[in-house]
file entry_39.pdb (PDB, C-alpha atoms)
ATOM      1  CA  MET E   1      35.509 -61.753  55.643
ATOM      2  CA  LYS E   2      37.312 -58.505  55.604
ATOM      3  CA  ASN E   3      38.632 -59.346  52.177
ATOM      4  CA  TRP E   4      35.148 -59.634  50.770
ATOM      5  CA  TRP E   5      34.313 -56.182  51.869
ATOM      6  CA  LEU E   6      37.430 -54.754  50.419
ATOM      7  CA  VAL E   7      36.895 -56.539  47.108
ATOM      8  CA  ALA E   8      33.230 -55.423  46.930
ATOM      9  CA  LEU E   9      34.172 -51.875  47.809
ATOM     10  CA  GLY E  10      36.919 -51.887  45.155
ATOM     11  CA  VAL E  11      34.499 -53.160  42.476
ATOM     12  CA  LEU E  12      31.922 -50.536  43.450
ATOM     13  CA  PHE E  13      34.426 -47.665  43.207
ATOM     14  CA  GLY E  14      35.721 -49.056  39.915
ATOM     15  CA  LEU E  15      32.205 -49.089  38.411
ATOM     16  CA  LEU E  16      31.499 -45.576  39.641
ATOM     17  CA  GLY E  17      34.766 -44.304  38.171
ATOM     18  CA  ALA E  18      34.116 -45.988  34.807
ATOM     19  CA  GLY E  19      30.585 -44.535  34.688
ATOM     20  CA  ALA E  20      31.911 -41.040  35.422
ATOM     21  CA  VAL E  21      34.504 -41.353  32.616
ATOM     22  CA  ILE E  22      31.880 -42.555  30.117
ATOM     23  CA  LEU E  23      29.440 -39.808  31.136
ATOM     24  CA  ALA E  24      32.059 -37.064  30.839
ATOM     25  CA  SER E  25      33.303 -38.204  27.417
ATOM     26  CA  SER E  26      29.886 -38.717  25.750
ATOM     27  CA  PRO E  27      28.604 -35.960  23.372
ATOM     28  CA  PRO E  28      25.607 -33.846  24.489
ATOM     29  CA  ARG E  29      22.182 -35.209  23.580
ATOM     30  CA  GLY E  30      19.724 -33.479  21.163
ATOM     31  CA  ALA E  31      20.260 -30.659  18.688
ATOM     32  CA  PRO E  32      20.689 -27.123  19.976
ATOM     33  CA  ILE E  33      17.745 -24.736  19.550
ATOM     34  CA  GLN E  34      18.384 -22.123  16.899
ATOM     35  CA  LEU E  35      16.489 -18.841  17.337
ATOM     36  CA  LEU E  36      15.431 -17.100  14.125
ATOM     37  CA  PRO E  37      14.819 -13.359  13.805
ATOM     38  CA  PRO E  38      11.134 -12.348  13.836
ATOM     39  CA  PRO E  39       9.550 -12.182  10.378
ATOM     40  CA  THR E  40       9.460  -8.795   8.677
ATOM     41  CA  PRO E  41       5.812  -7.649   8.373
ATOM     42  CA  ALA E  42       4.526  -7.285   4.823
ATOM     43  CA  PRO E  43       3.818  -3.714   3.671
ATOM     44  CA  ILE E  44       0.215  -2.512   3.466
ATOM     45  CA  GLN E  45      -1.363  -1.426   0.193
ATOM     46  CA  VAL E  46      -3.114   1.969   0.264
ATOM     47  CA  HIS E  47      -5.008   3.748  -2.537
ATOM     48  CA  VAL E  48      -4.385   7.510  -2.574
ATOM     49  CA  ALA E  49      -6.887   9.451  -4.693
ATOM     50  CA  GLY E  50      -8.136  12.978  -5.219
ATOM     51  CA  ALA E  51      -6.089  16.174  -5.043
ATOM     52  CA  VAL E  52      -2.557  14.717  -4.858
ATOM     53  CA  ASP E  53       0.245  14.995  -7.403
ATOM     54  CA  ASN E  54       0.420  11.258  -8.239
ATOM     55  CA  PRO E  55      -2.743   9.325  -7.308
ATOM     56  CA  GLY E  56      -2.387   5.555  -7.207
ATOM     57  CA  VAL E  57      -1.796   2.484  -5.036
ATOM     58  CA  TYR E  58       1.241   2.584  -2.756
ATOM     59  CA  ALA E  59       2.987  -0.010  -0.547
ATOM     60  CA  LEU E  60       3.688   1.491   2.877
ATOM     61  CA  PRO E  61       5.163   0.162   6.136
ATOM     62  CA  LEU E  62       2.735  -1.438   8.598
ATOM     63  CA  ASP E  63       2.491   1.516  11.027
ATOM     64  CA  SER E  64       1.909   4.219   8.384
ATOM     65  CA  HIS E  65      -0.414   7.206   8.687
ATOM     66  CA  VAL E  66      -2.407   9.261   6.173
ATOM     67  CA  GLY E  67       0.413  11.818   5.985
ATOM     68  CA  ASP E  68       2.822   9.081   4.877
ATOM     69  CA  ALA E  69       0.431   8.012   2.107
ATOM     70  CA  ILE E  70       0.039  11.571   0.814
ATOM     71  CA  GLN E  71       3.806  12.039   0.854
ATOM     72  CA  ALA E  72       4.222   8.785  -1.116
ATOM     73  CA  ALA E  73       1.758  10.157  -3.688
ATOM     74  CA  GLY E  74       3.906  13.239  -4.265
ATOM     75  CA  GLY E  75       2.190  15.521  -1.764
ATOM     76  CA  PHE E  76      -0.913  17.687  -1.994
ATOM     77  CA  ALA E  77      -1.946  19.099  -5.358
ATOM     78  CA  ASP E  78      -2.350  22.872  -5.686
ATOM     79  CA  ASP E  79      -6.140  22.646  -5.366
ATOM     80  CA  ALA E  80      -6.152  20.293  -2.340
ATOM     81  CA  GLU E  81      -8.338  21.112   0.646
ATOM     82  CA  GLN E  82      -5.684  20.220   3.229
ATOM     83  CA  ASP E  83      -7.829  21.112   6.241
ATOM     84  CA  GLY E  84     -10.219  18.301   5.351
ATOM     85  CA  VAL E  85      -7.572  15.579   5.807
ATOM     86  CA  ASN E  86      -6.536  13.975   9.112
ATOM     87  CA  LEU E  87      -2.819  13.418   8.514
ATOM     88  CA  ALA E  88      -2.412  11.527  11.805
ATOM     89  CA  ALA E  89      -4.999   8.817  11.066
ATOM     90  CA  LYS E  90      -3.441   5.339  11.088
ATOM     91  CA  LEU E  91      -3.795   3.266   7.927
ATOM     92  CA  GLN E  92      -4.672  -0.393   7.420
ATOM     93  CA  ASP E  93      -4.161  -2.643   4.425
ATOM     94  CA  GLY E  94      -6.675  -1.836   1.696
ATOM     95  CA  ASP E  95      -7.564   1.683   2.924
ATOM     96  CA  GLN E  96      -8.300   4.522   0.527
ATOM     97  CA  VAL E  97      -7.148   8.065   1.247
ATOM     98  CA  GLN E  98      -9.387  10.571  -0.561
ATOM     99  CA  VAL E  99      -7.972  14.110  -0.633
ATOM    100  CA  PRO E 100     -10.751  16.584  -1.449
ATOM    101  CA  ALA E 101     -10.232  19.477  -3.825
ATOM    102  CA  ARG E 102     -11.273  23.018  -2.965
ATOM    103  CA  ARG E 103     -14.829  23.741  -4.011
ATOM    104  CA  ALA E 104     -15.358  26.199  -6.801
ATOM    105  CA  SER E 105     -16.918  29.490  -5.812
ATOM    106  CA  ALA E 106     -20.606  30.099  -6.396
ATOM    107  CA  THR E 107     -19.833  32.634  -9.128
ATOM    108  CA  PRO E 108     -19.775  31.477 -12.727
ATOM    109  CA  SER E 109     -16.448  30.146 -13.875
ATOM    110  CA  LYS E 110     -14.238  31.880 -16.399
ATOM    111  CA  PRO E 111     -14.968  31.164 -20.032
ATOM    112  CA  ASP E 112     -13.290  28.041 -21.377
ATOM    113  CA  PRO E 113     -13.132  28.034 -25.167
ATOM    114  CA  THR E 114     -12.268  24.333 -25.215
ATOM    115  CA  GLN E 115     -15.672  23.328 -23.782
ATOM    116  CA  PRO E 116     -18.440  24.222 -26.262
ATOM    117  CA  THR E 117     -22.052  23.338 -25.486
ATOM    118  CA  GLY E 118     -24.528  21.950 -27.973
ATOM    119  CA  ASP E 119     -26.474  25.243 -28.014
ATOM    120  CA  GLN E 120     -23.598  27.359 -29.302
ATOM    121  CA  PRO E 121     -21.656  27.057 -32.495
ATOM    122  CA  SER E 122     -18.067  25.998 -31.948
ATOM    123  CA  GLY E 123     -15.612  28.837 -31.671
ATOM    124  CA  GLU E 124     -17.762  30.840 -29.223
ATOM    125  CA  GLU E 125     -16.647  30.997 -25.615
ATOM    126  CA  THR E 126     -18.736  29.037 -23.130
ATOM    127  CA  THR E 127     -19.411  30.021 -19.525
ATOM    128  CA  PHE E 128     -20.495  27.388 -16.999
ATOM    129  CA  ALA E 129     -22.396  28.212 -13.821
ATOM    130  CA  ILE E 130     -22.098  26.127 -10.661
ATOM    131  CA  ILE E 131     -24.975  23.639 -10.670
ATOM    132  CA  ASN E 132     -26.523  22.080  -7.579
ATOM    133  CA  ILE E 133     -26.870  18.417  -8.542
ATOM    134  CA  ASN E 134     -29.571  17.925  -5.878
ATOM    135  CA  THR E 135     -31.960  20.491  -7.403
ATOM    136  CA  ALA E 136     -30.907  20.839 -11.051
ATOM    137  CA  THR E 137     -33.361  20.149 -13.854
ATOM    138  CA  GLN E 138     -32.479  17.854 -16.726
ATOM    139  CA  GLU E 139     -31.763  20.854 -18.953
ATOM    140  CA  GLU E 140     -29.379  22.340 -16.360
ATOM    141  CA  LEU E 141     -27.560  19.016 -15.950
ATOM    142  CA  GLU E 142     -27.135  18.736 -19.719
ATOM    143  CA  THR E 143     -25.118  21.983 -19.725
ATOM    144  CA  LEU E 144     -22.317  20.167 -17.855
ATOM    145  CA  PRO E 145     -19.481  18.891 -20.069
ATOM    146  CA  GLY E 146     -19.845  15.203 -20.823
ATOM    147  CA  ILE E 147     -23.459  14.999 -19.552
ATOM    148  CA  GLY E 148     -26.035  14.318 -22.231
ATOM    149  CA  PRO E 149     -29.811  13.749 -22.010
ATOM    150  CA  VAL E 150     -29.522  10.071 -21.040
ATOM    151  CA  THR E 151     -26.972  10.686 -18.267
ATOM    152  CA  ALA E 152     -28.898  13.722 -16.974
ATOM    153  CA  GLU E 153     -32.006  11.547 -16.730
ATOM    154  CA  LYS E 154     -30.033   8.878 -14.843
ATOM    155  CA  ILE E 155     -28.845  11.528 -12.346
ATOM    156  CA  ILE E 156     -32.428  12.594 -11.658
ATOM    157  CA  GLU E 157     -33.601   8.955 -11.364
ATOM    158  CA  TYR E 158     -30.769   8.171  -8.936
ATOM    159  CA  ARG E 159     -31.622  11.260  -6.878
ATOM    160  CA  LEU E 160     -35.304  10.252  -6.694
ATOM    161  CA  ALA E 161     -34.467   6.660  -5.705
ATOM    162  CA  ASN E 162     -31.675   7.388  -3.206
ATOM    163  CA  GLY E 163     -32.234  10.931  -1.961
ATOM    164  CA  ASP E 164     -29.940  13.932  -2.239
ATOM    165  CA  PHE E 165     -26.233  13.591  -2.881
ATOM    166  CA  THR E 166     -24.260  14.347   0.312
ATOM    167  CA  ARG E 167     -20.991  15.196  -1.477
ATOM    168  CA  ILE E 168     -20.118  15.854  -5.092
ATOM    169  CA  GLU E 169     -18.073  12.643  -5.384
ATOM    170  CA  ASP E 170     -21.321  10.653  -4.910
ATOM    171  CA  ILE E 171     -22.361  11.531  -8.462
ATOM    172  CA  GLN E 172     -19.949   8.787  -9.577
ATOM    173  CA  LYS E 173     -22.458   6.260  -8.181
ATOM    174  CA  VAL E 174     -24.697   7.117 -11.154
ATOM    175  CA  SER E 175     -24.270   4.668 -14.002
ATOM    176  CA  GLY E 176     -22.305   6.265 -16.837
ATOM    177  CA  ILE E 177     -20.356   8.757 -14.703
ATOM    178  CA  GLY E 178     -16.843   7.596 -14.024
ATOM    179  CA  PRO E 179     -13.628   9.275 -12.911
ATOM    180  CA  VAL E 180     -13.005  10.893 -16.321
ATOM    181  CA  THR E 181     -16.428  12.571 -16.456
ATOM    182  CA  PHE E 182     -16.204  13.513 -12.782
ATOM    183  CA  GLU E 183     -12.874  15.294 -13.393
ATOM    184  CA  LYS E 184     -14.565  17.394 -16.109
ATOM    185  CA  ILE E 185     -17.499  18.458 -13.907
ATOM    186  CA  LYS E 186     -16.177  18.454 -10.309
ATOM    187  CA  ASP E 187     -15.475  22.202 -10.299
ATOM    188  CA  LEU E 188     -18.873  22.974 -11.832
ATOM    189  CA  ILE E 189     -21.154  21.122  -9.385
ATOM    190  CA  THR E 190     -22.179  21.499  -5.771
ATOM    191  CA  VAL E 191     -24.520  19.827  -3.275
ATOM    192  CA  SER E 192     -25.175  22.934  -1.173
ATOM    193  CA  GLU E 193     -27.237  26.026  -1.868
TER     194      GLU E 193
END
call {"tool": "encode", "arguments": {"input": "entry_39.pdb", "output": "structure tokens"}}
result
Amino acid sequence: MKNWWLVALGVLFGLLGAGAVILASSPPRGAPIQLLPPPTPAPIQVHVAGAVDNPGVYALPLDSHVGDAIQAAGGFADDAEQDGVNLAAKLQDGDQVQVPARRASATPSKPDPTQPTGDQPSGEETTFAIININTATQEELETLPGIGPVTAEKIIEYRLANGDFTRIEDIQKVSGIGPVTFEKIKDLITVSE
């Protein structure tokens, strides 16, 4: 009977040894996990307009501020009103940065011989006064370069329907006045007394 125990014990140790050899020599199971670097965030698109050297749309890093956008646009123009811009404001995709220009003084501007009015024969110098677009009559509005009778009437109609303009840039909401016309008249108009 002792032999049976010895034989059974020998078989048991033999099986355990064979299992350990098989387990140790088998390749690891499953594929290793491969970690990828985090994706690079896409740049944001920001429109920089107004008194900057190179207005346009710029691609900026995700955590950019208004100062970064102005720097990308070549910096402030000579006539920029820098105090009116918060350079530390954080930007988001699709934002517009509008840099205001200094307002013209309330005194009449210097004569500009390249801007004749319809009342004067060409060749005479023309002087433009600053016009308040909230109170101006149609005749006064028509003295602005690029503003004829139809556009002057549209300005008055817009003013009656929507109330006073709060800033001079709002005149571009009037049909027929786009960026080109606004550039011609921006130094000749005001919304304050």
call {"tool": "atom_distance", "arguments": {"input": "entry_39.pdb", "atom1": "atom CA of E:Ile185", "atom2": "atom CA of E:Asp164"}}
result
17.6 Å
call {"tool": "resolve_selection", "arguments": {"input": "entry_39.pdb", "expression": "the PyMOL selection byres ((chain E and resi 45) around 10)", "output": "PyMOL selection string"}}
result
chain E and resi 42-44+46-48+57-62+69+91-96
call {"tool": "closest_residue", "arguments": {"input": "entry_39.pdb", "among": "E:Gln34, E:Asp79, E:Val97, E:Ile177", "to": "E:Gly56", "atoms": "only C-alpha atoms"}}
result
E:Val97
call {"tool": "closest_residue", "arguments": {"input": "entry_39.pdb", "among": "E:Ala89, E:Leu160, E:Ile189, E:Ala152", "to": "E:Gly176", "atoms": "all atoms listed in the file"}}
result
E:Ala152
call {"tool": "atom_distance", "arguments": {"input": "entry_39.pdb", "atom1": "atom CA of E:Val99", "atom2": "atom CA of E:Ala51"}}
result
5.2 Å
call {"tool": "closest_residue", "arguments": {"input": "entry_39.pdb", "among": "E:Thr40, E:Glu183, E:Arg167, E:Phe76", "to": "E:Pro145", "atoms": "all atoms listed in the file"}}
result
E:Glu183
call {"tool": "atom_distance", "arguments": {"input": "entry_39.pdb", "atom1": "atom CA of E:Gly50", "atom2": "atom CA of E:Arg159"}}
result
23.6 Å
call {"tool": "residues_near_point", "arguments": {"input": "entry_39.pdb", "point": "(-26.8, 4.7, -8.3)", "cutoff": "9 Å", "atoms": "only C-alpha atoms", "output": "ChimeraX atom specification"}}
result
/E:154-155,157-159,161-162,170-175
call {"tool": "resolve_selection", "arguments": {"input": "entry_39.pdb", "expression": "the PyMOL selection byres ((chain E and resi 192) around 10)", "output": "PyMOL selection string"}}
result
chain E and resi 106+131-135+165-168+189-191+193
call {"tool": "closest_residue", "arguments": {"input": "entry_39.pdb", "among": "E:Asp68, E:Glu153, E:Glu169, E:Glu81", "to": "E:Lys186", "atoms": "all atoms listed in the file"}}
result
E:Glu169
call {"tool": "resolve_selection", "arguments": {"input": "entry_39.pdb", "expression": "the PyMOL selection byres ((chain E and resi 88) around 9)", "output": "PyMOL selection string"}}
result
chain E and resi 65-67+85-87+89-90
call {"tool": "residues_around", "arguments": {"input": "entry_39.pdb", "residues": "E:Lys184", "least_positions_apart": "6", "cutoff": "10 Å", "atoms": "all atoms listed in the file", "output": "list in words"}}
result
Gln115, Leu144, Pro145, Gly146 and Ile147 of chain E
call {"tool": "write_last_selection", "arguments": {"input": "entry_39.pdb", "atoms": "C-alpha atoms", "output": "PDB file, keeping the file's coordinate frame"}}
result
ATOM      1  CA  GLN E 115     -15.672  23.328 -23.782  1.00  0.00           C
ATOM      2  CA  LEU E 144     -22.317  20.167 -17.855  1.00  0.00           C
ATOM      3  CA  PRO E 145     -19.481  18.891 -20.069  1.00  0.00           C
ATOM      4  CA  GLY E 146     -19.845  15.203 -20.823  1.00  0.00           C
ATOM      5  CA  ILE E 147     -23.459  14.999 -19.552  1.00  0.00           C
TER       6      ILE E 147
END
call {"tool": "axis_aligned_box", "arguments": {"input": "entry_39.pdb", "around": "stretch 69-82 of chain E", "padding_each_side": "3 Å", "output": "AutoDock Vina command-line options"}}
result
--center_x -2.1 --center_y 15.4 --center_z -1.2 --size_x 18.6 --size_y 20.9 --size_z 14.9
